[in-house]
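Undergrad: This is the content of upload_12.txt (compact mmCIF, C-alpha atoms):
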# COMPACT_ATOMS: atom_id res chain seq x y z
CA MET P 13 28.04 114.00 97.58
CA ILE P 14 25.85 116.46 99.43
CA ARG P 15 26.37 117.83 102.92
CA ILE P 16 23.95 119.29 105.46
CA ASP P 17 24.26 120.63 108.99
CA VAL P 18 21.33 119.76 111.24
CA THR P 19 22.34 122.33 113.86
CA SER P 20 22.21 125.18 111.33
CA ALA P 21 19.37 127.68 111.62
CA ARG P 22 18.71 127.17 107.90
CA PRO P 23 15.84 124.70 107.31
CA LEU P 24 16.95 121.23 106.23
CA GLU P 25 14.77 121.39 103.12
CA ASP P 26 16.59 124.57 102.01
CA GLN P 27 19.98 123.01 102.69
CA ILE P 28 19.16 119.88 100.69
CA ALA P 29 17.72 121.90 97.79
CA ALA P 30 20.77 124.19 97.78
CA ALA P 31 23.19 121.25 97.88
CA LEU P 32 21.37 119.59 94.97
CA ARG P 33 21.39 122.85 92.99
CA GLN P 34 25.13 123.10 93.56
CA ALA P 35 25.66 119.49 92.45
CA LEU P 36 23.64 120.21 89.29
CA ALA P 37 25.48 123.45 88.59
CA GLN P 38 28.90 121.84 89.07
CA GLY P 39 27.98 118.97 86.78
CA GLU P 40 28.17 116.36 89.54
CA ILE P 41 24.70 115.38 88.35
CA GLY P 42 24.35 115.56 84.57
CA PRO P 43 21.16 115.89 82.50
CA GLY P 44 19.29 112.58 82.48
CA ASP P 45 21.15 111.27 85.53
CA GLU P 46 19.01 109.53 88.09
CA LEU P 47 19.08 110.80 91.67
CA PRO P 48 18.77 108.64 94.78
CA SER P 49 15.27 107.75 95.91
CA VAL P 50 13.66 109.95 98.56
CA ARG P 51 13.95 107.06 101.01
CA GLN P 52 17.66 106.52 100.33
CA LEU P 53 18.63 110.19 100.64
CA ALA P 54 16.50 110.65 103.77
CA GLY P 55 18.07 107.53 105.30
CA ASP P 56 21.62 108.64 104.50
CA LEU P 57 21.05 112.13 105.91
CA GLY P 58 18.97 110.98 108.88
CA VAL P 59 16.06 113.31 108.07
CA HIS P 60 12.38 112.71 107.53
CA TRP P 61 11.61 111.49 104.00
CA ASN P 62 9.07 114.28 103.64
CA THR P 63 11.89 116.85 103.92
CA VAL P 64 13.72 115.28 100.99
CA ALA P 65 10.50 114.93 99.00
CA ARG P 66 9.78 118.64 99.47
CA ALA P 67 13.32 119.55 98.38
CA TYR P 68 12.95 117.39 95.26
CA ARG P 69 9.52 118.92 94.58
CA ARG P 70 10.96 122.42 94.87
CA LEU P 71 13.69 121.64 92.33
CA ALA P 72 11.07 120.10 90.07
CA ASP P 73 9.08 123.37 90.30
CA GLU P 74 12.27 125.19 89.30
CA ARG P 75 12.39 122.87 86.28
CA LEU P 76 15.70 121.36 87.36
CA LEU P 77 14.42 117.86 88.11
CA ILE P 78 11.74 115.54 86.79
CA VAL P 79 9.95 113.77 89.63
CA ARG P 80 7.92 110.77 88.49
CA ARG P 81 5.43 109.74 91.13
CA GLY P 82 6.44 106.41 92.63
CA ARG P 83 9.34 106.16 90.23
CA SER P 84 12.72 107.78 89.77
CA VAL P 85 13.91 111.37 90.07
CA VAL P 86 15.93 112.50 87.06
CA ALA P 87 17.95 115.64 86.35
CA ARG P 88 16.33 117.66 83.59
CA GLU P 89 18.09 118.71 80.41
CA LEU P 90 18.80 122.41 80.92
CA SER P 91 17.32 124.60 78.20
CA GLY P 92 20.39 126.81 77.78
CA GLN P 93 18.20 129.92 77.83
CA VAL P 94 18.76 132.26 80.75
CA SER P 95 15.79 131.96 83.02
CA ARG P 96 14.26 135.25 84.12
CA VAL P 97 13.42 133.69 87.48
CA ALA P 98 17.05 132.61 87.95
CA ARG P 99 18.29 136.09 87.11
CA THR P 100 15.86 137.76 89.54
CA GLY P 101 16.75 135.20 92.22
CA LEU P 102 20.46 135.85 91.74
CA ARG P 103 19.91 139.62 92.07
CA ASP P 104 17.86 139.18 95.25
CA GLN P 105 20.35 136.84 96.86
CA LEU P 106 23.31 139.02 95.91
CA ASN P 107 21.56 142.08 97.37
CA GLU P 108 20.97 140.20 100.61
CA ALA P 109 24.57 138.95 100.77
CA ILE P 110 25.98 142.42 99.98
CA ALA P 111 23.80 144.04 102.65
CA ALA P 112 24.94 141.47 105.24
CA ALA P 113 28.59 141.98 104.23
CA VAL P 114 28.33 145.79 104.41
CA LEU P 115 26.66 145.55 107.82
CA GLY P 116 29.46 143.18 108.83
CA GLY P 117 31.98 145.90 107.95
CA ILE P 118 33.46 144.39 104.80
CA PRO P 119 34.57 147.14 102.33
CA SER P 120 32.94 147.08 98.89
CA ASP P 121 36.17 146.36 96.97
CA GLU P 122 36.73 143.30 99.18
CA ILE P 123 33.14 142.15 98.56
CA GLY P 124 33.84 142.34 94.83
CA ARG P 125 37.08 140.38 95.23
CA ILE P 126 35.40 137.66 97.34
CA PHE P 127 32.65 137.35 94.71
CA GLN P 128 35.20 137.05 91.87
CA GLU P 129 37.16 134.41 93.80
CA ALA P 130 34.01 132.40 94.56
CA LEU P 131 33.00 132.53 90.88
CA ALA P 132 36.47 131.43 89.76
CA ARG P 133 36.51 128.57 92.28
CA PHE P 134 33.09 127.42 91.08
CA ALA P 135 34.19 127.49 87.41
CA GLU P 136 37.35 125.56 88.34
CA ARG P 137 35.34 122.85 90.13
CA ARG P 138 32.96 122.60 87.20
CA ARG P 139 35.84 122.14 84.75
CA SER P 140 37.40 119.42 86.91
CA MET K 24 0.62 57.99 122.78
CA THR K 25 -1.61 59.11 119.93
CA SER K 26 -0.51 61.41 117.13
CA LEU K 27 -2.81 64.09 118.47
CA GLN K 28 -1.17 63.86 121.87
CA VAL K 29 2.28 64.24 120.32
CA LEU K 30 1.06 67.22 118.36
CA GLN K 31 -0.47 68.72 121.51
CA ILE K 32 2.88 68.45 123.30
CA ALA K 33 4.66 70.01 120.31
CA VAL K 34 2.22 72.95 120.23
CA ALA K 35 2.65 73.46 124.00
CA CYS K 36 6.42 73.47 123.55
CA VAL K 37 6.16 76.09 120.79
CA ALA K 38 3.68 78.24 122.76
CA ALA K 39 5.92 78.33 125.82
CA GLY K 40 9.21 78.63 123.94
CA THR K 41 8.39 81.35 121.40
CA ALA K 42 9.08 84.38 123.62
CA TRP K 43 12.39 82.94 124.79
CA LEU K 44 13.49 82.14 121.23
CA VAL K 45 12.55 85.61 119.93
CA VAL K 46 14.44 87.31 122.76
CA ARG K 47 17.53 85.10 122.34
CA VAL K 48 17.67 86.00 118.64
CA ALA K 49 17.29 89.73 119.43
CA LEU K 50 19.98 89.44 122.10
CA MET K 51 22.33 87.70 119.69
CA VAL K 52 21.80 90.37 117.00
CA ALA K 53 22.26 93.28 119.44
CA ALA K 54 25.35 91.79 121.13
CA ARG K 55 26.96 90.95 117.80
CA HIS K 56 26.40 94.45 116.45
CA ALA K 57 27.73 96.04 119.64
CA GLY K 58 30.83 93.84 119.38
CA GLN K 59 31.39 94.88 115.76
CA VAL K 60 31.27 98.60 116.53
CA GLY K 61 33.13 98.21 119.84
CA ALA K 62 30.29 99.58 121.96
CA PRO K 63 29.52 98.33 125.47
CA PHE K 64 26.62 95.91 125.81
CA THR K 65 25.47 93.97 128.85
CA THR K 66 22.69 91.41 128.86
CA PRO K 67 19.64 93.07 130.43
CA ARG K 68 18.20 91.63 133.62
CA ALA K 69 14.78 91.11 131.99
CA VAL K 70 16.33 88.45 129.72
CA ARG K 71 17.33 86.39 132.75
CA HIS K 72 13.83 86.85 134.20
CA LEU K 73 12.33 85.55 130.96
CA SER K 74 14.67 82.53 130.93
CA ARG K 75 13.68 81.66 134.49
CA ALA K 76 9.97 82.11 133.75
CA THR K 77 10.28 79.91 130.63
CA LEU K 78 12.12 77.22 132.60
CA LEU K 79 9.26 77.28 135.06
CA VAL K 80 6.34 77.38 132.61
CA LEU K 81 7.63 75.04 129.87
CA PRO K 82 7.72 71.78 131.90
CA VAL K 83 4.32 72.57 133.44
CA VAL K 84 2.68 73.20 130.06
CA MET K 85 4.31 70.14 128.49
CA ALA K 86 3.30 67.92 131.40
CA THR K 87 -0.28 69.19 131.13
CA ALA K 88 -0.24 68.47 127.39
CA PHE K 89 0.92 64.94 128.21
CA VAL K 90 -1.85 64.37 130.77
CA LEU K 91 -4.86 65.96 129.05
CA THR K 92 -6.61 63.89 126.39
CA PRO K 93 -6.63 65.68 123.02
CA PRO K 94 -8.39 67.52 121.52
CA SER K 95 -8.72 69.63 124.64
CA LEU K 96 -10.14 73.14 124.82
CA LEU K 97 -8.53 73.53 128.24
CA MET K 98 -5.13 72.76 126.73
CA GLY K 99 -5.69 75.47 124.13
CA ALA K 100 -6.49 77.94 126.89
CA ILE K 101 -3.38 76.87 128.86
CA ASP K 102 -1.20 77.29 125.74
CA ALA K 103 -2.65 80.75 125.12
CA ALA K 104 -2.14 81.76 128.76
CA ALA K 105 1.47 80.50 128.79
CA PHE K 106 2.17 82.32 125.56
CA THR K 107 0.62 85.57 126.84
CA VAL K 108 2.38 85.53 130.23
CA LEU K 109 5.77 84.79 128.68
CA ALA K 110 5.13 87.38 125.94
CA VAL K 111 4.81 90.03 128.67
CA PHE K 112 8.25 89.03 130.02
CA GLY K 113 9.50 88.90 126.43
CA MET K 114 8.26 92.39 125.56
CA ARG K 115 9.99 93.79 128.64
CA ALA K 116 13.21 91.98 127.69
CA LEU K 117 13.01 93.29 124.10
CA GLY K 118 12.53 96.83 125.41
CA GLU K 119 15.59 96.51 127.61
CA ILE K 120 17.66 95.03 124.77
CA ASP K 121 16.61 97.98 122.63
CA SER K 122 17.75 100.47 125.30
CA ALA K 123 20.98 98.60 126.04
CA SER K 124 21.94 98.48 122.37
CA GLY K 125 21.28 102.22 121.88
CA PRO K 126 24.94 103.30 122.24
CA ALA K 127 25.94 100.85 119.50
CA ARG K 128 23.38 102.30 117.09
CA ASP K 129 23.06 105.99 117.85
CA VAL K 130 25.35 108.29 115.91
CA ARG K 131 25.65 111.91 116.94
CA ALA K 132 26.74 114.14 114.07
CA ALA K 133 25.64 117.65 113.20
CA GLU K 134 27.18 117.49 109.73
CA ARG K 135 25.96 114.70 107.49
CA THR K 136 26.80 113.65 103.98
CA ALA K 137 24.99 111.56 101.40
CA SER K 138 25.99 110.06 98.11
CA LEU K 139 24.06 111.15 95.01
CA ARG K 140 24.46 107.72 93.44
CA PRO K 141 21.20 105.74 93.49
CA ARG K 142 21.56 102.31 95.06
CA ARG K 143 19.66 99.25 93.84
CA LEU K 144 19.41 95.74 95.18
CA GLY K 145 20.83 94.42 91.91
CA GLN K 146 24.17 96.11 92.69
CA TYR K 147 24.62 93.98 95.79
CA VAL K 148 23.26 90.56 94.79
CA PRO K 149 23.42 88.89 91.38
CA LEU K 150 20.01 88.41 89.77
CA PRO K 151 20.17 84.56 89.55
CA LEU K 152 20.79 84.41 93.31
CA ARG K 153 17.98 86.86 93.99
CA LEU K 154 15.59 84.72 91.98
CA VAL K 155 16.25 81.58 94.05
CA PRO K 156 13.70 82.31 96.85
CA PHE K 157 11.10 83.40 94.27
CA VAL K 158 11.57 80.18 92.28
CA VAL K 159 11.47 77.99 95.42
CA THR K 160 8.29 79.72 96.63
CA ALA K 161 6.60 79.47 93.23
CA MET K 162 7.53 75.79 92.93
CA GLY K 163 6.27 75.13 96.47
CA LEU K 164 2.92 76.75 95.71
CA LEU K 165 2.59 74.99 92.36
CA ALA K 166 3.37 71.65 93.96
CA LEU K 167 0.80 72.39 96.68
CA GLY K 168 -1.82 73.05 94.03
CA TRP K 169 -0.85 69.78 92.37
CA ARG K 170 -0.93 67.70 95.58
CA ILE K 171 -3.81 69.34 97.47
CA ASP K 172 -6.48 66.94 96.15
CA ASP K 173 -4.58 63.89 97.45
CA VAL K 174 -4.03 65.34 100.92
CA PRO K 175 -6.30 64.04 103.71
CA SER K 176 -8.61 66.81 104.85
CA ASP K 177 -7.77 66.38 108.55
CA ARG K 178 -5.49 69.10 109.97
CA LEU K 179 -5.22 70.57 106.48
CA LEU K 180 -4.54 74.07 107.80
CA MET K 181 -1.58 72.80 109.83
CA ARG K 182 -0.25 70.99 106.78
CA VAL K 183 -0.36 73.95 104.41
CA THR K 184 0.54 76.74 106.88
CA PHE K 185 4.28 76.18 106.50
CA ILE K 186 4.09 76.23 102.70
CA LEU K 187 1.97 79.39 102.71
CA SER K 188 4.35 81.14 105.12
CA GLY K 189 7.03 80.97 102.40
CA PRO K 190 5.59 83.92 100.41
CA VAL K 191 5.15 85.90 103.64
CA PHE K 192 8.83 85.54 104.50
CA LEU K 193 9.75 86.27 100.90
CA TRP K 194 7.94 89.61 101.11
CA LEU K 195 9.23 90.41 104.61
CA TYR K 196 12.86 89.78 103.73
CA GLU K 197 12.66 91.58 100.38
CA VAL K 198 11.44 94.66 102.29
CA TRP K 199 14.27 94.20 104.82
CA MET K 200 16.90 94.03 102.06
CA ARG K 201 15.51 97.19 100.46
CA ASN K 202 15.59 98.94 103.84
CA GLU K 203 19.18 97.86 104.30
CA ILE K 204 20.35 99.57 101.11
CA SER K 205 18.18 102.65 101.60
CA GLY K 206 20.68 104.17 103.99
CA GLN K 207 21.78 104.47 107.58
CA ALA K 208 24.19 106.68 109.48
CA SER K 209 27.72 106.34 108.13
CA VAL K 210 29.34 109.58 109.21
CA GLY K 211 33.11 109.58 108.83
CA ASP K 212 33.14 106.14 107.17
CA ASP K 213 34.70 105.51 103.80
CA GLU K 214 31.96 105.10 101.16
CA ARG K 215 33.60 101.94 99.79
CA ILE K 216 33.79 100.34 103.23
CA VAL K 217 30.14 101.24 103.89
CA ASP K 218 29.18 99.77 100.52
CA GLU K 219 31.09 96.55 101.23
CA ARG K 220 29.40 96.28 104.64
CA ARG K 221 26.05 96.81 102.91
CA ARG K 222 26.83 94.09 100.33
CA ARG K 223 27.77 91.61 103.07
CA ARG K 224 24.63 92.38 105.02
CA VAL K 225 22.26 92.09 102.03
CA ARG K 226 23.80 88.73 101.13
CA GLN K 227 23.39 87.49 104.69
CA ILE K 228 19.72 88.48 104.64
CA LEU K 229 19.22 86.78 101.28
CA LEU K 230 20.90 83.61 102.58
CA VAL K 231 18.56 83.52 105.60
CA GLU K 232 15.61 84.22 103.27
CA ILE K 233 16.57 81.25 101.07
CA ILE K 234 16.98 78.99 104.13
CA LEU K 235 13.59 80.06 105.51
CA VAL K 236 11.69 79.77 102.24
CA ALA K 237 13.28 76.45 101.28
CA GLY K 238 13.05 75.11 104.84
CA LEU K 239 9.41 76.01 105.36
CA THR K 240 8.38 74.82 101.91
CA GLY K 241 10.28 71.57 102.50
CA VAL K 242 8.76 71.03 105.94
CA GLY K 243 5.28 71.83 104.61
CA HIS K 244 5.55 69.35 101.76
CA THR K 245 7.04 66.68 104.04
CA LEU K 246 4.09 67.10 106.42
CA LEU K 247 1.70 66.80 103.47
CA GLY K 248 3.02 63.34 102.69
CA LEU K 249 3.04 61.98 106.25
CA ASP K 250 0.50 59.75 107.89
CA TRP K 251 -0.27 61.59 111.11
CA ILE K 252 -1.21 58.43 112.99
CA GLN K 253 1.50 56.05 111.83
CA GLN K 254 4.29 58.61 111.63
CA SER K 255 3.59 60.83 114.64
CA VAL K 256 7.27 61.23 115.55
CA GLN K 257 8.14 62.57 112.09
CA VAL K 258 5.08 64.84 112.25
CA THR K 259 6.20 66.25 115.60
CA VAL K 260 9.78 66.77 114.44
CA GLY K 261 8.48 68.46 111.27
CA THR K 262 6.07 70.69 113.17
CA ILE K 263 8.67 71.79 115.70
CA THR K 264 11.29 72.37 112.96
CA GLY K 265 8.83 74.46 110.95
CA ALA K 266 7.73 76.42 114.00
CA VAL K 267 11.31 77.11 115.11
CA LEU K 268 12.21 78.21 111.57
CA GLY K 269 9.17 80.50 111.40
CA VAL K 270 9.69 82.03 114.84
CA THR K 271 13.43 82.53 114.18
CA GLY K 272 12.63 84.16 110.83
CA CYS K 273 10.17 86.54 112.46
CA ALA K 274 12.59 87.27 115.31
CA LEU K 275 15.42 88.09 112.91
CA ALA K 276 13.21 90.47 110.92
CA LEU K 277 12.01 92.00 114.19
CA SER K 278 15.61 92.48 115.33
CA SER K 279 16.72 94.14 112.10
CA ASP K 280 16.47 97.55 113.72
CA LEU K 281 18.83 96.54 116.52
CA SER K 282 21.82 96.56 114.20
CA ARG K 283 20.86 99.64 112.22
CA ARG K 284 22.94 102.77 112.91
CA ARG K 285 20.85 105.91 113.07
CA TYR K 286 21.44 109.58 113.63
CA ARG K 287 20.52 110.97 117.00
CA GLU K 288 20.55 114.74 117.18
CA ALA K 289 18.18 117.07 118.96
CA GLY K 290 15.69 118.54 116.52
CA SER K 291 16.85 116.71 113.43
CA ALA K 292 14.88 113.78 112.04
CA ALA K 293 11.93 114.41 114.28
CA ASN K 294 11.21 117.97 113.24
CA GLY K 295 11.07 117.20 109.53
CA ARG K 296 12.30 120.67 108.67
In structure tokens, what does this structure look like?
TA:
Amino acid sequence: MIRIDVTSARPLEDQIAAALRQALAQGEIGPGDELPSVRQLAGDLGVHWNTVARAYRRLADERLLIVRRGRSVVARELSGQVSRVARTGLRDQLNEAIAAAVLGGIPSDEIGRIFQEALARFAERRRS
Amino acid sequence: MTSLQVLQIAVACVAAGTAWLVVRVALMVAARHAGQVGAPFTTPRAVRHLSRATLLVLPVVMATAFVLTPPSLLMGAIDAAAFTVLAVFGMRALGEIDSASGPARDVRAAERTASLRPRRLGQYVPLPLRLVPFVVTAMGLLALGWRIDDVPSDRLLMRVTFILSGPVFLWLYEVWMRNEISGQASVGDDERIVDERRRRRVRQILLVEIILVAGLTGVGHTLLGLDWIQQSVQVTVGTITGAVLGVTGCALALSSDLSRRRYREAGSAANGR
């Protein structure tokens, strides 16, 4: 199940791509699993099909999905090797999140604790 | 009364009654859906206007068809004019039905969820049942190919139109069924309930598809075997039955959007972000 908020300032395409990434990371979608068609997902979410197609395309560029033109969208078998792009992306996003938290007045030890808790929750969900 | 005269009256009846029939079907679909979701729905005034206009035009057109000797070019023009005038009333009525049924369809929700399970038509209808309209259509076309040489060449188009409309409805309703499973607003609803609703709906569409395909193929083949001079009554009944089936089939497909729940939120679907 994926969830989006159409009133959020974050673009819908980003939200859909992020929700799909999370579903892949948590094992909700396994390697080789077929995803809903662009039309189905767009219909369920009430967004333009082009938005979903762009989100799928983005995940295909990140080598997370295989998009077959006019056919199905399938989750790719993950290589197991740590991607350099993923590592750089994680660093960038963490830096952004830390900067926002510091500017929001959250002390650094609390930032660390929140991060640890989020990581533990994620691992727990993945196990279940 | 000659067979051509009977046919002329039947065509006049269909020309003047089509708009009314289409609007009644749309009204039925919209009112039923509103009742199911507990939303208010009142019959728009334009529907009553159309009914009155049809009541006025239909007897005039039929009487003219009775008086004029067929084949008459003037009668064709009168049929076309009646159809066009009533279609204007009909379009207005359809527009008002669409607006009136809005509250029953529009769903306002900022947060939306979607299942990641792909849905296929095969999950909702067993394959043997799905094949029925395809088999009926194929058999109808094969039989037409077999019989076509023995059919008198007069009014051949009229005779084969109903049979050839079978594949058109087959395609139209297959697309409709696929649209039905491709998703609509279901915020706050239990996934299993939504799925059950979807199953019921797809089966209803398939049932109508089978009735249309079998009915039109049957009517077409019956007309092929009739003597249009000796059996004019049967020809008229067959023509009107086929026309009503065809118009109802089109009207139902046209009304499919009236019972489809959709998200309405400022700057959502339209912006394509």
Undergrad: Env of range 13-20 of chain P: 6 Å cut, atoms = all atoms listed in the file, seq-sep filter 3 positions within chain, self excluded. Answer as a PyMOL selection string.
TA: (chain P and resi 31) or (chain K and resi 133-139+291)
Undergrad: Any chance you could export the current selection's C-alpha atoms as a CSV table (one decimal), in the frame of the given file?
TA:
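part24.csv, written as the output of this step:
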chain,number,residue,atom,x,y,z
P,31,ALA,CA,23.2,121.2,97.9
K,133,ALA,CA,25.6,117.6,113.2
K,134,GLU,CA,27.2,117.5,109.7
K,135,ARG,CA,26.0,114.7,107.5
K,136,THR,CA,26.8,113.6,104.0
K,137,ALA,CA,25.0,111.6,101.4
K,138,SER,CA,26.0,110.1,98.1
K,139,LEU,CA,24.1,111.2,95.0
K,291,SER,CA,16.8,116.7,113.4
Undergrad: Write down, as a ChimeraX atom specification, each residue of chain P that has any atom within 9 Å of an atom of chain K, counting all atoms listed in the file.
TA: /P:13-20,23-26,32,35,40-41,46-49,51-63
Undergrad: Please report the interatomic distance between CA of Val29 in chain K and CA of Leu247 in chain K in Å with one decimal.
TA: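 It comes out at 17.1 Å.
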Undergrad: Write out as a ChimeraX atom specification the residues lying within 7 Å of range 35-39 of chain K, counting all atoms listed in the file and excluding same-chain residues fewer than 5 positions away.
TA: /K:77,80-81,84-85,88,102,105-106,266
Undergrad: Skip Glu232 in chain K itself and residues of its chain fewer than 5 positions away, then list as a list in words all residues within 8 Å of it, counting all atoms listed in the file.
TA: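 Using all atoms listed in the file, the neighbours found are Pro156, Phe192, Leu193 and Tyr196 of chain K.
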Undergrad: Taking (27.2, 98.3, 102.5) in the file's own coordinates, collect the residues within 10 Å, counting only C-alpha atoms, and hand them back as a PDB file with C-alpha atoms, keeping the file's coordinate frame.
TA:
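Wrote part34.pdb, looks like this:
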ATOM      1  CA  TYR K 147      24.620  93.980  95.790  1.00  0.00           C
ATOM      2  CA  GLU K 203      19.180  97.860 104.300  1.00  0.00           C
ATOM      3  CA  ILE K 204      20.350  99.570 101.110  1.00  0.00           C
ATOM      4  CA  GLY K 206      20.680 104.170 103.990  1.00  0.00           C
ATOM      5  CA  GLN K 207      21.780 104.470 107.580  1.00  0.00           C
ATOM      6  CA  SER K 209      27.720 106.340 108.130  1.00  0.00           C
ATOM      7  CA  GLU K 214      31.960 105.100 101.160  1.00  0.00           C
ATOM      8  CA  ARG K 215      33.600 101.940  99.790  1.00  0.00           C
ATOM      9  CA  ILE K 216      33.790 100.340 103.230  1.00  0.00           C
ATOM     10  CA  VAL K 217      30.140 101.240 103.890  1.00  0.00           C
ATOM     11  CA  ASP K 218      29.180  99.770 100.520  1.00  0.00           C
ATOM     12  CA  GLU K 219      31.090  96.550 101.230  1.00  0.00           C
ATOM     13  CA  ARG K 220      29.400  96.280 104.640  1.00  0.00           C
ATOM     14  CA  ARG K 221      26.050  96.810 102.910  1.00  0.00           C
ATOM     15  CA  ARG K 222      26.830  94.090 100.330  1.00  0.00           C
ATOM     16  CA  ARG K 223      27.770  91.610 103.070  1.00  0.00           C
ATOM     17  CA  ARG K 224      24.630  92.380 105.020  1.00  0.00           C
ATOM     18  CA  VAL K 225      22.260  92.090 102.030  1.00  0.00           C
TER      19      VAL K 225
END
Undergrad: Grab the CA of Arg75 in chain P to CA of Ala37 in chain P distance for me, in Å with one decimal place.
TA: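 According to the coordinates, CA of Arg75 in chain P and CA of Ala37 in chain P are separated by 13.3 Å.
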Undergrad: Could you work out how far CA of Trp169 in chain K lies from CA of Trp251 in chain K, giving the answer in Å with one decimal?
TA: 20.5 Å
Undergrad: Determine, counting all atoms listed in the file, which protein, DNA and RNA residues have an atom within 7 Å of an atom of Ala116 in chain K; residues of the same chain fewer than 3 positions away are not included. Present the result as a PyMOL selection string.
TA: chain K and resi 46+69-70+112-113+119-120
Undergrad: Pick the closest to Gly42 in chain P from P:Val114, P:Leu77, P:Ala132, P:Ala109: which is it, counting all atoms listed in the file?
TA: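 Nearest candidate to Gly42 in chain P out of P:Val114, P:Leu77, P:Ala132, P:Ala109: P:Leu77.
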Undergrad: Which of these residues is nearest to Asp73 in chain P, using all atoms listed in the file: P:Ala29, P:Ile126, P:Glu108, P:Gly44?
TA: P:Ala29
Undergrad: Could you list, as an NGL selection string, every residue within 10 Å of Leu106 in chain P, counting only C-alpha atoms and ignoring same-chain residues fewer than 6 positions away?
TA: :P and (100 or 112 or 127)
Undergrad: Dump as a PyMOL selection string all residues having an atom at most 12 Å from (-1.7, 71.3, 99.1), computed in the file's coordinates with all atoms listed in the file.
TA: chain K and resi 162-176+178-187+240+243-248
